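Asks: Take a look at structure.cif, mmCIF, C-alpha atoms:
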```cif
data_structure
#
loop_
_atom_site.label_atom_id
_atom_site.label_comp_id
_atom_site.auth_asym_id
_atom_site.auth_seq_id
_atom_site.Cartn_x
_atom_site.Cartn_y
_atom_site.Cartn_z
CA MET A 1 96.85 -0.98 26.85
CA ASN A 2 100.53 -0.21 26.97
CA LEU A 3 103.00 0.37 29.77
CA GLU A 4 102.80 4.16 29.58
CA SER A 5 99.05 4.28 30.20
CA PHE A 6 99.42 2.20 33.36
CA LEU A 7 102.25 4.41 34.59
CA LEU A 8 100.22 7.57 33.95
CA LEU A 9 97.24 6.10 35.82
CA ALA A 10 99.51 5.28 38.77
CA LEU A 11 100.91 8.82 38.61
CA ILE A 12 97.41 10.32 38.74
CA LEU A 13 96.45 8.13 41.72
CA PHE A 14 99.68 9.00 43.55
CA SER A 15 99.18 12.73 42.97
CA LEU A 16 95.61 12.53 44.25
CA GLY A 17 96.87 10.74 47.37
CA LEU A 18 99.59 13.35 47.86
CA TYR A 19 96.99 16.12 47.58
CA ALA A 20 94.75 14.40 50.12
CA VAL A 21 97.58 13.90 52.59
CA MET A 22 98.65 17.54 52.41
CA SER A 23 95.28 19.29 52.22
CA ARG A 24 92.99 17.37 54.58
CA ARG A 25 93.00 17.75 58.35
CA ASN A 26 90.85 14.76 59.26
CA MET A 27 93.18 11.88 60.15
CA ILE A 28 91.02 9.28 58.41
CA ALA A 29 91.05 11.35 55.21
CA ILE A 30 94.85 11.43 55.39
CA LEU A 31 94.83 7.64 55.79
CA ILE A 32 92.73 7.41 52.61
CA GLY A 33 95.39 9.43 50.78
CA ILE A 34 98.12 7.07 52.00
CA GLU A 35 96.13 4.08 50.75
CA LEU A 36 95.80 5.71 47.33
CA MET A 37 99.58 6.20 47.15
CA LEU A 38 100.25 2.58 48.19
CA ASN A 39 97.88 1.38 45.47
CA ALA A 40 99.65 3.47 42.85
CA ALA A 41 102.92 1.82 43.86
CA SER A 42 101.36 -1.65 43.59
CA LEU A 43 100.02 -0.84 40.14
CA ASN A 44 103.50 0.24 39.02
CA PHE A 45 105.05 -2.99 40.28
CA MET A 46 102.48 -5.11 38.43
CA ALA A 47 102.74 -3.12 35.19
CA PHE A 48 106.53 -3.20 35.09
CA ASN A 49 106.55 -6.90 35.84
CA ARG A 50 104.05 -7.59 33.07
CA PHE A 51 105.50 -5.41 30.32
CA LEU A 52 109.26 -5.58 30.84
CA PRO A 53 111.27 -8.79 30.76
CA VAL A 54 112.41 -9.81 34.24
CA GLU A 55 114.38 -12.80 35.40
CA ASP A 56 111.77 -14.04 37.89
CA PRO A 57 108.24 -13.47 36.52
CA THR A 58 106.59 -13.64 39.95
CA VAL A 59 108.62 -10.90 41.67
CA GLY A 60 106.15 -8.11 40.98
CA GLN A 61 103.23 -10.08 42.37
CA ILE A 62 105.24 -10.95 45.49
CA PHE A 63 105.99 -7.26 46.04
CA VAL A 64 102.32 -6.36 45.67
CA LEU A 65 101.37 -9.03 48.22
CA PHE A 66 103.93 -7.61 50.69
CA ILE A 67 102.62 -4.09 50.10
CA ILE A 68 99.07 -5.26 50.84
CA GLY A 69 100.20 -6.98 54.04
CA LEU A 70 102.13 -3.94 55.26
CA ALA A 71 99.17 -1.69 54.46
CA ALA A 72 96.93 -3.87 56.62
CA ALA A 73 99.36 -3.59 59.55
CA GLU A 74 99.66 0.15 59.04
CA VAL A 75 95.89 0.67 59.00
CA ALA A 76 95.45 -1.34 62.20
CA ILE A 77 97.96 0.82 64.08
CA ALA A 78 96.72 4.09 62.58
CA LEU A 79 93.08 3.40 63.40
CA SER A 80 93.88 2.52 67.02
CA ILE A 81 95.85 5.78 67.35
CA ILE A 82 92.91 7.69 65.82
CA LEU A 83 90.53 6.13 68.34
CA ILE A 84 92.75 7.18 71.28
CA VAL A 85 93.01 10.72 69.98
CA TYR A 86 89.24 10.84 69.61
CA ARG A 87 88.70 9.57 73.17
CA GLN A 88 90.96 12.24 74.61
CA ARG A 89 90.08 15.26 72.50
CA LYS A 90 86.75 14.43 70.82
CA ARG A 91 88.26 15.59 67.51
CA ILE A 92 90.61 13.95 65.04
CA ASP A 93 92.29 16.97 63.47
CA VAL A 94 95.99 16.63 62.83
CA ASP A 95 96.41 20.25 63.91
CA ASP A 96 95.36 19.34 67.46
CA ILE A 97 97.98 16.66 67.93
CA THR A 98 100.98 18.60 69.12
CA GLU A 99 102.37 16.31 71.80
CA LEU A 100 103.37 12.66 71.96
CA LYS A 101 102.04 12.01 75.47
CA GLY A 102 98.29 12.44 75.87
CA MET B 1 90.26 -6.18 26.22
CA GLY B 2 91.09 -2.55 25.49
CA GLY B 3 87.60 -1.33 26.34
CA ILE B 4 87.56 -3.07 29.71
CA THR B 5 90.98 -1.67 30.58
CA GLY B 6 89.92 1.86 29.70
CA LEU B 7 86.74 1.54 31.71
CA LEU B 8 88.64 0.26 34.77
CA MET B 9 91.18 3.09 34.48
CA ALA B 10 88.38 5.68 34.28
CA LEU B 11 86.71 4.11 37.32
CA ALA B 12 89.98 4.22 39.27
CA VAL B 13 90.50 7.92 38.53
CA ALA B 14 86.84 8.74 39.32
CA GLY B 15 87.05 6.90 42.65
CA GLY B 16 90.28 8.70 43.51
CA LEU B 17 88.73 12.09 42.74
CA LEU B 18 85.73 11.24 44.93
CA ALA B 19 88.02 10.05 47.73
CA VAL B 20 90.00 13.27 47.90
CA SER B 21 87.21 15.77 47.22
CA LEU B 22 84.20 14.65 49.27
CA LYS B 23 83.76 16.44 52.60
CA ASN B 24 82.01 13.54 54.32
CA VAL B 25 84.72 11.04 55.28
CA LEU B 26 82.33 8.12 55.01
CA HIS B 27 81.59 8.99 51.37
CA ALA B 28 85.31 9.43 50.73
CA ILE B 29 85.88 5.89 51.99
CA PHE B 30 83.38 4.58 49.45
CA GLY B 31 85.25 6.48 46.72
CA LEU B 32 88.43 4.77 47.91
CA ALA B 33 86.66 1.40 47.75
CA LEU B 34 85.71 2.12 44.12
CA THR B 35 89.35 2.84 43.29
CA LEU B 36 90.52 -0.31 45.07
CA LEU B 37 88.02 -2.46 43.16
CA ALA B 38 89.08 -0.91 39.84
CA VAL B 39 92.75 -1.53 40.63
CA ALA B 40 91.89 -5.14 41.49
CA GLY B 41 90.25 -5.42 38.06
CA LEU B 42 93.39 -4.00 36.46
CA PHE B 43 95.46 -6.64 38.26
CA ALA B 44 93.20 -9.28 36.73
CA VAL B 45 93.60 -7.66 33.29
CA LEU B 46 97.36 -7.69 33.76
CA GLY B 47 97.17 -11.45 34.17
CA SER B 48 97.23 -12.09 37.91
CA PRO B 49 93.83 -13.16 39.24
CA PHE B 50 95.38 -14.29 42.54
CA VAL B 51 96.68 -10.84 43.48
CA ALA B 52 93.36 -9.34 42.32
CA THR B 53 91.53 -11.66 44.71
CA MET B 54 93.86 -10.75 47.55
CA GLN B 55 93.32 -7.06 46.84
CA VAL B 56 89.55 -7.46 47.05
CA LEU B 57 89.70 -9.63 50.17
CA ILE B 58 92.18 -7.59 52.19
CA TYR B 59 91.68 -4.04 50.95
CA VAL B 60 87.99 -3.87 50.11
CA GLY B 61 86.87 -6.48 52.62
CA GLY B 62 89.22 -5.64 55.47
CA ILE B 63 90.81 -2.22 55.38
CA THR B 64 87.78 -0.32 54.06
CA VAL B 65 85.47 -1.94 56.61
CA ALA B 66 87.94 -1.14 59.41
CA MET B 67 87.99 2.50 58.30
CA VAL B 68 84.19 2.63 58.27
CA PHE B 69 84.20 1.25 61.81
CA ALA B 70 86.68 3.94 62.88
CA VAL B 71 84.45 6.65 61.42
CA MET B 72 81.42 5.21 63.19
CA LEU B 73 83.28 5.06 66.53
CA SER B 74 84.57 8.60 66.20
CA THR B 75 81.51 10.48 65.02
CA VAL B 76 83.19 13.66 63.95
CA VAL B 77 81.85 13.84 60.43
CA GLN B 78 79.52 16.76 60.87
CA LYS B 79 81.35 19.02 63.30
CA HIS B 80 84.55 18.94 61.30
CA ALA B 81 85.91 22.31 60.28
CA THR B 82 86.65 22.91 56.62
CA GLU B 83 90.20 23.26 55.43
CA SER B 84 91.46 26.73 54.68
CA PRO B 85 91.71 27.57 50.96
CA TRP B 86 95.39 28.44 51.32
CA ARG B 87 96.12 24.96 52.58
CA ARG B 88 94.27 23.37 49.68
CA ALA B 89 95.93 25.66 47.14
CA GLY B 90 99.38 24.86 48.48
CA ALA B 91 98.68 21.13 48.42
CA ALA B 92 97.30 21.38 44.87
CA VAL B 93 100.41 23.24 43.70
CA VAL B 94 102.74 20.64 45.19
CA ALA B 95 100.72 17.69 43.85
CA LEU B 96 100.44 19.23 40.37
CA GLY B 97 104.14 20.00 40.32
CA PHE B 98 104.92 16.43 41.30
CA ALA B 99 102.58 15.07 38.62
CA VAL B 100 104.05 17.27 35.88
CA GLY B 101 107.62 16.46 36.88
CA VAL B 102 107.15 12.71 37.00
CA GLY B 103 105.00 12.84 33.84
CA MET B 104 107.87 14.49 31.99
CA VAL B 105 110.22 11.79 33.25
CA ILE B 106 107.82 9.07 32.05
CA ALA B 107 107.44 10.74 28.65
CA ALA B 108 111.20 11.09 28.23
CA ALA B 109 112.09 7.64 29.52
CA GLY B 110 111.69 5.92 26.16
CA LEU B 111 109.59 3.05 27.48
CA PRO B 112 108.80 0.20 25.14
CA ASP B 113 105.51 0.92 23.40
CA GLY B 114 102.96 -1.60 22.26
CA PRO B 115 101.06 -4.45 23.83
CA ALA B 116 102.33 -6.71 26.57
CA PRO B 117 104.39 -9.75 25.64
CA GLU B 118 102.71 -13.13 25.70
CA LEU B 119 102.29 -14.63 29.12
CA VAL B 120 104.81 -17.36 29.74
CA ALA B 121 102.90 -20.55 30.39
CA ASP B 122 102.41 -21.28 34.10
CA ALA B 123 104.67 -18.39 35.07
CA TRP B 124 101.95 -16.37 36.81
CA THR B 125 100.04 -19.19 38.46
CA VAL B 126 99.36 -19.56 42.16
CA ARG B 127 101.73 -22.53 42.26
CA GLN B 128 104.54 -20.38 40.94
CA ILE B 129 103.79 -17.58 43.41
CA GLY B 130 103.78 -20.06 46.29
CA THR B 131 107.08 -21.59 45.25
CA SER B 132 108.63 -18.15 44.98
CA LEU B 133 107.12 -16.95 48.27
CA LEU B 134 108.39 -19.91 50.30
CA GLY B 135 111.61 -20.29 48.32
CA ASP B 136 113.51 -17.18 47.34
CA TYR B 137 111.51 -14.77 49.48
CA ASN B 138 111.18 -16.98 52.55
CA VAL B 139 112.90 -14.57 54.92
CA VAL B 140 110.78 -11.60 53.81
CA PHE B 141 107.66 -13.71 54.21
CA GLU B 142 108.56 -14.63 57.79
CA VAL B 143 109.51 -11.05 58.67
CA LEU B 144 106.17 -9.86 57.31
CA SER B 145 104.35 -12.32 59.54
CA VAL B 146 106.23 -10.97 62.56
CA VAL B 147 105.34 -7.42 61.51
CA LEU B 148 101.65 -8.34 61.30
CA LEU B 149 101.77 -9.99 64.75
CA LEU B 150 103.42 -6.92 66.26
CA ALA B 151 100.85 -4.68 64.60
CA ILE B 152 97.98 -6.66 66.09
CA ILE B 153 99.54 -6.69 69.57
CA GLY B 154 100.39 -3.00 69.29
CA ALA B 155 96.88 -2.04 68.26
CA ILE B 156 95.38 -3.98 71.17
CA VAL B 157 97.84 -2.58 73.72
CA ILE B 158 97.42 1.02 72.57
CA SER B 159 93.65 1.06 72.66
CA ARG B 160 93.19 -1.05 75.83
CA HIS B 161 95.66 0.83 78.00
CA GLU B 162 94.00 4.16 77.36
CA GLY B 163 90.56 2.73 78.02
CA GLU B 164 91.54 1.41 81.47
CA GLU B 165 93.22 4.66 82.33
CA LYS B 166 90.09 6.57 81.53
CA GLN B 167 87.93 4.37 83.73
CA SER B 168 90.15 4.62 86.81
#
```
Let me see the structure of the file written as structure tokens.
Replies:
Amino acid sequence: MNLESFLLLALILFSLGLYAVMSRRNMIAILIGIELMLNAASLNFMAFNRFLPVEDPTVGQIFVLFIIGLAAAEVAIALSIILIVYRQRKRIDVDDITELKG
Amino acid sequence: MGGITGLLMALAVAGGLLAVSLKNVLHAIFGLALTLLAVAGLFAVLGSPFVATMQVLIYVGGITVAMVFAVMLSTVVQKHATESPWRRAGAAVVALGFAVGVGMVIAAAGLPDGPAPELVADAWTVRQIGTSLLGDYNVVFEVLSVVLLLAIIGAIVISRHEGEEKQS
């Protein structure tokens, strides 16, 4: 349990998320990849705050709380967009979405 | 302590692998939920039970369930075409290159090794987080609440407008 192991774990999670975002075509699968990357970032904030001396010891936790809140907003918007795309095209492939106006 | 941390890290990586590799999106969401739970456990190990609770409540209880609902409402799981192998190979190359590059940076950074320093008494408590949230970070807190309100209104407007248009 040292700082490096936490950073490597966050790196693995971020790379998995990056792979999912670039390789999948299903929009929900891409959203899963984005969530993995956000979680890796949260883990980095917490680990750095815990292991390195900082002036304000709560700053890492505050950042993680903001990340969680923004992720909730992002998922709400993304899922409503996915539902519209499904209603219009009956598929949710990113390759189909080539125009802004439905 | 070390055993629990290692177990949680292994669970997080296993859940991530499931989330990116499973064809069925619903199963992938459950892999993501496993990762989120493991990360929440790591937050608790790192000394912040409050953030771990928030992670479980919002991510596992809210976001994952919302995603499952979206999958249920858009039943496209079976008739989804598979990705081309070229696309997957390209993505794997980019992700591996990123991982190796950042891994080299981490290895060369000369980070302090060894266990975490002792927790400062009452530095990571809920009281301290609340004081910091409504004190130093007051403006960010308020802006985040506005962002959440706009997201809710936006989600409602987007999905309702299209529904009425379809009926007319």
Asks: Starting from the PyMOL selection byres ((chain A) within 7 of (chain B)), expand the selection into actual residues of this file and give them as a PyMOL selection string.
Replies: chain A and resi 1-3+9+11+13+15-16+18-20+22-25+29+32+50-51+57-58+61-62+65+72-73+75-77+79-80+83-84+86+91
Asks: I'd like to see the residues matched by the PyMOL selection byres ((chain A and resi 60) around 10) on this file, and ideally I'd get them as a VMD selection string.
Replies: chain A and resid 42 to 50 54 56 to 59 61 to 66
Asks: Restricting the calculation to all atoms listed in the file, which member of B:Gly135, B:Val60, B:Phe30, B:Gly41 is positioned closest to A:Ile68?
Replies: B:Val60
Asks: Give me the result of the PyMOL selection byres ((chain A and resi 38) around 9) on this file, residue by residue, as a PDB file with C-alpha atoms, in the frame of the given file.
Replies:
```
ATOM      1  CA  PHE A  14      99.680   9.000  43.550  1.00  0.00           C
ATOM      2  CA  GLY A  17      96.870  10.740  47.370  1.00  0.00           C
ATOM      3  CA  GLY A  33      95.390   9.430  50.780  1.00  0.00           C
ATOM      4  CA  ILE A  34      98.120   7.070  52.000  1.00  0.00           C
ATOM      5  CA  GLU A  35      96.130   4.080  50.750  1.00  0.00           C
ATOM      6  CA  LEU A  36      95.800   5.710  47.330  1.00  0.00           C
ATOM      7  CA  MET A  37      99.580   6.200  47.150  1.00  0.00           C
ATOM      8  CA  ASN A  39      97.880   1.380  45.470  1.00  0.00           C
ATOM      9  CA  ALA A  40      99.650   3.470  42.850  1.00  0.00           C
ATOM     10  CA  ALA A  41     102.920   1.820  43.860  1.00  0.00           C
ATOM     11  CA  SER A  42     101.360  -1.650  43.590  1.00  0.00           C
ATOM     12  CA  LEU A  43     100.020  -0.840  40.140  1.00  0.00           C
ATOM     13  CA  ILE A  67     102.620  -4.090  50.100  1.00  0.00           C
ATOM     14  CA  ILE A  68      99.070  -5.260  50.840  1.00  0.00           C
ATOM     15  CA  ALA A  71      99.170  -1.690  54.460  1.00  0.00           C
TER      16      ALA A  71
END
```
Asks: Calculate how many Å separate atom CA of B:Met104 from atom CA of A:Ile30, rounding to one decimal.
Replies: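 So the two atoms, atom CA of B:Met104 and atom CA of A:Ile30, lie 27.0 Å apart.
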Asks: Go ahead and compute the interatomic distance for atom CA of A:Glu4 and atom CA of A:Leu52, in Å to one decimal.
Replies: 11.8 Å
Asks: For atom CA of B:Gly61 and atom CA of A:Leu31, quote the distance in Å rounded to one decimal.
Replies: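 Atom CA of A:Leu31 lies at a distance of 16.5 Å from atom CA of B:Gly61.
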Asks: Is it possible to get the axis-aligned box enclosing stretch 13-23 of chain B (all listed atoms, 6 Å extra per side) as AutoDock Vina command-line options, with centre and edge lengths in Å rounded to one decimal?
Replies:
```
--center_x 87.1 --center_y 11.7 --center_z 45.6 --size_x 18.7 --size_y 21.5 --size_z 26.1
```
